[in-house]
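File shown: my_file28.cif. Contents: mmCIF, N, CA and C atoms.
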data_protein
loop_
_atom_site.label_atom_id
_atom_site.label_comp_id
_atom_site.auth_asym_id
_atom_site.auth_seq_id
_atom_site.Cartn_x
_atom_site.Cartn_y
_atom_site.Cartn_z
N ALA W 25 14.05 27.78 16.04
CA ALA W 25 13.93 29.02 16.81
C ALA W 25 13.76 28.65 18.28
N GLN W 26 14.26 29.48 19.14
CA GLN W 26 14.15 29.27 20.58
C GLN W 26 13.17 30.29 21.16
N ALA W 27 12.24 29.83 21.96
CA ALA W 27 11.28 30.71 22.63
C ALA W 27 11.15 30.22 24.07
N GLY W 28 11.68 30.96 25.00
CA GLY W 28 11.58 30.55 26.40
C GLY W 28 12.28 29.23 26.67
N GLY W 29 13.37 28.95 25.94
CA GLY W 29 14.09 27.72 26.15
C GLY W 29 13.51 26.52 25.42
N ARG W 30 12.45 26.72 24.65
CA ARG W 30 11.83 25.63 23.90
C ARG W 30 12.19 25.76 22.43
N GLN W 31 12.22 24.63 21.75
CA GLN W 31 12.41 24.67 20.32
C GLN W 31 11.05 24.79 19.66
N VAL W 32 10.94 25.70 18.71
CA VAL W 32 9.69 25.94 18.01
C VAL W 32 9.94 25.77 16.52
N GLU W 33 9.10 24.99 15.86
CA GLU W 33 9.23 24.78 14.43
C GLU W 33 8.24 25.67 13.71
N LEU W 34 8.73 26.42 12.72
CA LEU W 34 7.88 27.33 11.97
C LEU W 34 8.02 27.03 10.49
N LEU W 35 6.97 27.32 9.73
CA LEU W 35 7.03 27.24 8.28
C LEU W 35 6.99 28.66 7.77
N VAL W 36 7.98 28.98 6.91
CA VAL W 36 8.07 30.32 6.37
C VAL W 36 7.88 30.25 4.86
N ASP W 37 6.99 31.10 4.32
CA ASP W 37 6.77 31.17 2.89
C ASP W 37 8.03 31.69 2.22
N ALA W 38 8.59 30.91 1.31
CA ALA W 38 9.85 31.27 0.66
C ALA W 38 9.73 32.52 -0.20
N ARG W 39 8.55 32.81 -0.69
CA ARG W 39 8.37 34.00 -1.53
C ARG W 39 8.22 35.27 -0.71
N SER W 40 7.40 35.22 0.34
CA SER W 40 7.09 36.44 1.09
C SER W 40 7.91 36.60 2.36
N GLY W 41 8.46 35.50 2.88
CA GLY W 41 9.18 35.57 4.15
C GLY W 41 8.26 35.57 5.36
N GLN W 42 6.96 35.44 5.14
CA GLN W 42 5.98 35.45 6.22
C GLN W 42 5.83 34.05 6.82
N ILE W 43 5.57 34.02 8.12
CA ILE W 43 5.29 32.75 8.80
C ILE W 43 3.91 32.27 8.37
N VAL W 44 3.80 31.00 8.02
CA VAL W 44 2.53 30.41 7.56
C VAL W 44 1.84 29.79 8.77
N PRO W 45 0.64 30.29 9.12
CA PRO W 45 -0.11 29.70 10.24
C PRO W 45 -0.46 28.23 9.96
N ARG W 46 -0.57 27.44 11.01
CA ARG W 46 -0.86 26.01 10.86
C ARG W 46 -2.13 25.75 10.06
N ARG W 47 -3.17 26.55 10.26
CA ARG W 47 -4.42 26.30 9.54
C ARG W 47 -4.21 26.47 8.04
N GLU W 48 -3.37 27.43 7.62
CA GLU W 48 -3.08 27.61 6.20
C GLU W 48 -2.20 26.48 5.70
N LEU W 49 -1.31 26.00 6.53
CA LEU W 49 -0.46 24.88 6.16
C LEU W 49 -1.34 23.68 5.82
N ARG W 50 -2.31 23.41 6.66
CA ARG W 50 -3.21 22.28 6.41
C ARG W 50 -3.98 22.46 5.11
N SER W 51 -4.58 23.63 4.91
CA SER W 51 -5.38 23.83 3.71
C SER W 51 -4.50 23.81 2.46
N GLY W 52 -3.28 24.33 2.55
CA GLY W 52 -2.37 24.29 1.41
C GLY W 52 -1.89 22.89 1.10
N THR W 53 -1.75 22.07 2.12
CA THR W 53 -1.29 20.69 1.94
C THR W 53 -2.36 19.84 1.28
N LEU W 54 -3.62 20.18 1.51
CA LEU W 54 -4.71 19.35 1.01
C LEU W 54 -4.73 19.24 -0.51
N GLN W 55 -4.18 20.22 -1.21
CA GLN W 55 -4.16 20.13 -2.67
C GLN W 55 -3.25 19.01 -3.17
N TRP W 56 -2.35 18.52 -2.31
CA TRP W 56 -1.40 17.48 -2.70
C TRP W 56 -1.80 16.09 -2.20
N VAL W 57 -2.91 16.00 -1.48
CA VAL W 57 -3.35 14.74 -0.91
C VAL W 57 -3.81 13.78 -2.01
N LYS W 58 -3.38 12.52 -1.90
CA LYS W 58 -3.81 11.50 -2.85
C LYS W 58 -5.32 11.27 -2.69
N PRO W 59 -6.02 11.06 -3.79
CA PRO W 59 -7.46 10.81 -3.70
C PRO W 59 -7.74 9.55 -2.88
N LEU W 60 -8.77 9.63 -2.05
CA LEU W 60 -9.13 8.51 -1.19
C LEU W 60 -9.37 7.22 -1.98
N PRO W 61 -10.08 7.23 -3.12
CA PRO W 61 -10.27 5.96 -3.84
C PRO W 61 -8.95 5.29 -4.23
N ASP W 62 -7.94 6.08 -4.58
CA ASP W 62 -6.63 5.50 -4.92
C ASP W 62 -6.00 4.83 -3.71
N VAL W 63 -6.12 5.46 -2.55
CA VAL W 63 -5.56 4.90 -1.33
C VAL W 63 -6.30 3.62 -0.93
N LEU W 64 -7.61 3.64 -1.07
CA LEU W 64 -8.39 2.44 -0.74
C LEU W 64 -8.05 1.28 -1.67
N ASP W 65 -7.84 1.58 -2.95
CA ASP W 65 -7.41 0.53 -3.89
C ASP W 65 -6.08 -0.06 -3.47
N LEU W 66 -5.15 0.79 -3.04
CA LEU W 66 -3.84 0.34 -2.57
C LEU W 66 -4.00 -0.60 -1.37
N ILE W 67 -4.84 -0.21 -0.41
CA ILE W 67 -5.05 -1.02 0.80
C ILE W 67 -5.68 -2.36 0.44
N LEU W 68 -6.68 -2.33 -0.43
CA LEU W 68 -7.35 -3.58 -0.79
C LEU W 68 -6.45 -4.50 -1.63
N ALA W 69 -5.44 -3.94 -2.27
CA ALA W 69 -4.46 -4.76 -2.98
C ALA W 69 -3.54 -5.48 -1.99
N LEU W 70 -3.35 -4.87 -0.82
CA LEU W 70 -2.48 -5.46 0.22
C LEU W 70 -3.23 -6.40 1.16
N TYR W 71 -4.50 -6.10 1.42
CA TYR W 71 -5.29 -6.84 2.40
C TYR W 71 -6.61 -7.26 1.78
N ARG W 72 -6.93 -8.55 1.85
CA ARG W 72 -8.25 -9.01 1.40
C ARG W 72 -9.26 -8.67 2.47
N GLY W 73 -10.27 -7.91 2.11
CA GLY W 73 -11.27 -7.54 3.09
C GLY W 73 -12.19 -6.45 2.60
N VAL W 74 -12.84 -5.79 3.56
CA VAL W 74 -13.80 -4.74 3.28
C VAL W 74 -13.41 -3.51 4.09
N ILE W 75 -13.44 -2.36 3.46
CA ILE W 75 -13.16 -1.09 4.14
C ILE W 75 -14.38 -0.74 4.99
N LEU W 76 -14.18 -0.54 6.29
CA LEU W 76 -15.27 -0.17 7.19
C LEU W 76 -15.35 1.33 7.39
N GLU W 77 -14.19 1.98 7.46
CA GLU W 77 -14.15 3.41 7.76
C GLU W 77 -12.83 3.98 7.27
N ALA W 78 -12.87 5.22 6.78
CA ALA W 78 -11.66 5.90 6.35
C ALA W 78 -11.76 7.37 6.74
N GLU W 79 -10.68 7.89 7.32
CA GLU W 79 -10.65 9.28 7.76
C GLU W 79 -9.33 9.91 7.37
N LEU W 80 -9.36 11.20 7.03
CA LEU W 80 -8.13 11.95 6.82
C LEU W 80 -7.79 12.61 8.14
N GLU W 81 -6.60 12.32 8.64
CA GLU W 81 -6.14 12.86 9.92
C GLU W 81 -4.86 13.65 9.69
N PHE W 82 -4.45 14.39 10.71
CA PHE W 82 -3.20 15.13 10.66
C PHE W 82 -2.35 14.73 11.86
N GLY W 83 -1.08 14.41 11.60
CA GLY W 83 -0.15 14.04 12.65
C GLY W 83 0.32 15.25 13.43
N LYS W 84 1.17 15.01 14.42
CA LYS W 84 1.70 16.10 15.24
C LYS W 84 2.42 17.15 14.41
N ASP W 85 3.00 16.72 13.31
CA ASP W 85 3.72 17.64 12.43
C ASP W 85 2.81 18.24 11.36
N ASP W 86 1.50 18.05 11.51
CA ASP W 86 0.48 18.52 10.57
C ASP W 86 0.55 17.82 9.22
N ARG W 87 1.27 16.71 9.14
CA ARG W 87 1.32 15.95 7.89
C ARG W 87 0.07 15.08 7.82
N PRO W 88 -0.64 15.12 6.69
CA PRO W 88 -1.88 14.35 6.58
C PRO W 88 -1.63 12.86 6.35
N TYR W 89 -2.50 12.05 6.93
CA TYR W 89 -2.47 10.61 6.69
C TYR W 89 -3.90 10.09 6.72
N TYR W 90 -4.11 8.98 6.01
CA TYR W 90 -5.40 8.32 6.05
C TYR W 90 -5.36 7.24 7.13
N GLU W 91 -6.41 7.20 7.93
CA GLU W 91 -6.59 6.15 8.92
C GLU W 91 -7.77 5.31 8.41
N VAL W 92 -7.49 4.05 8.08
CA VAL W 92 -8.49 3.20 7.44
C VAL W 92 -8.69 1.93 8.25
N GLU W 93 -9.95 1.64 8.56
CA GLU W 93 -10.28 0.41 9.27
C GLU W 93 -10.75 -0.62 8.25
N VAL W 94 -10.14 -1.81 8.33
CA VAL W 94 -10.42 -2.88 7.36
C VAL W 94 -10.90 -4.12 8.11
N LEU W 95 -11.99 -4.70 7.63
CA LEU W 95 -12.45 -5.99 8.12
C LEU W 95 -11.87 -7.03 7.16
N LEU W 96 -10.92 -7.82 7.68
CA LEU W 96 -10.27 -8.82 6.85
C LEU W 96 -11.21 -9.96 6.52
N ALA W 97 -10.90 -10.69 5.47
CA ALA W 97 -11.75 -11.80 5.01
C ALA W 97 -11.97 -12.85 6.10
N ASP W 98 -10.99 -12.99 7.03
CA ASP W 98 -11.13 -13.99 8.10
C ASP W 98 -11.86 -13.46 9.34
N GLY W 99 -12.41 -12.23 9.25
CA GLY W 99 -13.19 -11.67 10.35
C GLY W 99 -12.43 -10.77 11.31
N ARG W 100 -11.11 -10.70 11.19
CA ARG W 100 -10.32 -9.82 12.06
C ARG W 100 -10.36 -8.38 11.52
N LYS W 101 -10.20 -7.41 12.43
CA LYS W 101 -10.17 -6.01 12.03
C LYS W 101 -8.75 -5.47 12.20
N ILE W 102 -8.35 -4.61 11.27
CA ILE W 102 -7.07 -3.91 11.39
C ILE W 102 -7.30 -2.43 11.10
N GLU W 103 -6.37 -1.63 11.58
CA GLU W 103 -6.36 -0.21 11.27
C GLU W 103 -5.05 0.07 10.56
N VAL W 104 -5.14 0.70 9.40
CA VAL W 104 -3.98 0.98 8.58
C VAL W 104 -3.83 2.49 8.45
N HIS W 105 -2.59 2.98 8.60
CA HIS W 105 -2.29 4.39 8.39
C HIS W 105 -1.46 4.51 7.12
N VAL W 106 -1.91 5.39 6.22
CA VAL W 106 -1.23 5.60 4.94
C VAL W 106 -0.93 7.08 4.79
N ASP W 107 0.32 7.40 4.44
CA ASP W 107 0.71 8.79 4.19
C ASP W 107 -0.16 9.32 3.05
N ALA W 108 -0.88 10.40 3.31
CA ALA W 108 -1.83 10.93 2.33
C ALA W 108 -1.14 11.64 1.17
N LEU W 109 0.14 11.96 1.31
CA LEU W 109 0.86 12.64 0.24
C LEU W 109 1.62 11.66 -0.66
N THR W 110 2.17 10.60 -0.06
CA THR W 110 3.01 9.68 -0.83
C THR W 110 2.33 8.34 -1.11
N GLY W 111 1.30 7.98 -0.33
CA GLY W 111 0.67 6.67 -0.45
C GLY W 111 1.43 5.58 0.27
N GLU W 112 2.47 5.95 1.01
CA GLU W 112 3.30 4.98 1.74
C GLU W 112 2.54 4.44 2.95
N LEU W 113 2.61 3.11 3.14
CA LEU W 113 2.02 2.49 4.32
C LEU W 113 2.86 2.87 5.53
N LEU W 114 2.25 3.53 6.50
CA LEU W 114 2.98 4.00 7.68
C LEU W 114 2.91 3.02 8.84
N ARG W 115 1.72 2.46 9.05
CA ARG W 115 1.53 1.62 10.23
C ARG W 115 0.31 0.75 10.06
N GLN W 116 0.36 -0.41 10.67
CA GLN W 116 -0.79 -1.30 10.75
C GLN W 116 -0.97 -1.68 12.20
N GLU W 117 -2.19 -1.59 12.69
CA GLU W 117 -2.50 -2.00 14.06
C GLU W 117 -3.57 -3.07 14.00
N GLY W 118 -3.49 -4.00 14.92
CA GLY W 118 -4.50 -5.05 14.98
C GLY W 118 -3.93 -6.38 14.55
N ALA W 119 -4.76 -7.19 13.95
CA ALA W 119 -4.41 -8.57 13.57
C ALA W 119 -3.18 -8.59 12.68
N GLU W 120 -2.34 -9.56 12.92
CA GLU W 120 -1.14 -9.75 12.08
C GLU W 120 -1.36 -10.88 11.13
#
Using the file provided, produce a representation of the structure as structure tokens.
Amino acid sequence: AQAGGRQVELLVDARSGQIVPRRELRSGTLQWVKPLPDVLDLILALYRGVILEAELEFGKDDRPYYEVEVLLADGRKIEVHVDALTGELLRQEGAE
């Protein structure tokens, strides 16, 4: 859709035809989020270390992802982003 020369992305409920507000999109998406323990198990299978912190975040497109800080066995810290819906590893920041 165009509004004042800008492109605007909207989510429309296929049943009602109503525009879904972003806050409802987030709450509706949460029912499909992978459980945090499953995601942490996935991360620990990939990286030897200890989970320091884990947060559920939302990207610019309101898609949820887990942001997890890991202290590796060798003392380095990394931050891992995992798609909260698919469990796909999105990004790793920090030690290689």
Pick out the residues sitting within 7 Å of W:Gln116, and hand them over as a PDB file with N, CA and C atoms, keeping the file's coordinate frame; count all atoms listed in the file, and ignore anything fewer than 5 positions along from it in its own chain.
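Saved as part-v1.pdb:
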ATOM      1  N   ILE W 102      -8.350  -4.610  11.270  1.00  0.00           N
ATOM      2  CA  ILE W 102      -7.070  -3.910  11.390  1.00  0.00           C
ATOM      3  C   ILE W 102      -7.300  -2.430  11.100  1.00  0.00           C
ATOM      4  N   GLU W 103      -6.370  -1.630  11.580  1.00  0.00           N
ATOM      5  CA  GLU W 103      -6.360  -0.210  11.270  1.00  0.00           C
ATOM      6  C   GLU W 103      -5.050   0.070  10.560  1.00  0.00           C
ATOM      7  N   VAL W 104      -5.140   0.700   9.400  1.00  0.00           N
ATOM      8  CA  VAL W 104      -3.980   0.980   8.580  1.00  0.00           C
ATOM      9  C   VAL W 104      -3.830   2.490   8.450  1.00  0.00           C
ATOM     10  N   HIS W 105      -2.590   2.980   8.600  1.00  0.00           N
ATOM     11  CA  HIS W 105      -2.290   4.390   8.390  1.00  0.00           C
ATOM     12  C   HIS W 105      -1.460   4.510   7.120  1.00  0.00           C
TER      13      HIS W 105
END
Between W:Leu95, W:Glu77, W:Gly111, W:Arg100, single out the one closest to W:Val63, counting only N, CA and C atoms.
->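 Result for the nearest residue to W:Val63: W:Gly111.
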Q.
Between atom CA of W:Gly83 and atom CA of W:Gly99, what is the distance in Å, rounded to a tenth?
A.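 Computing it gives 28.9 Å between the two atoms.
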- [ ] One decimal, Å: what's the distance from atom N of W:Ile75 over to atom CA of W:Trp56, could you say?
- [x]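 If I compute the distance from atom N of W:Ile75 to atom CA of W:Trp56, I get 24.0 Å.
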- Test item: the PyMOL selection byres ((chain W and resi 84-90) around 6) resolved as a PyMOL selection string: chain W and resi 79-83+91-92+104-109
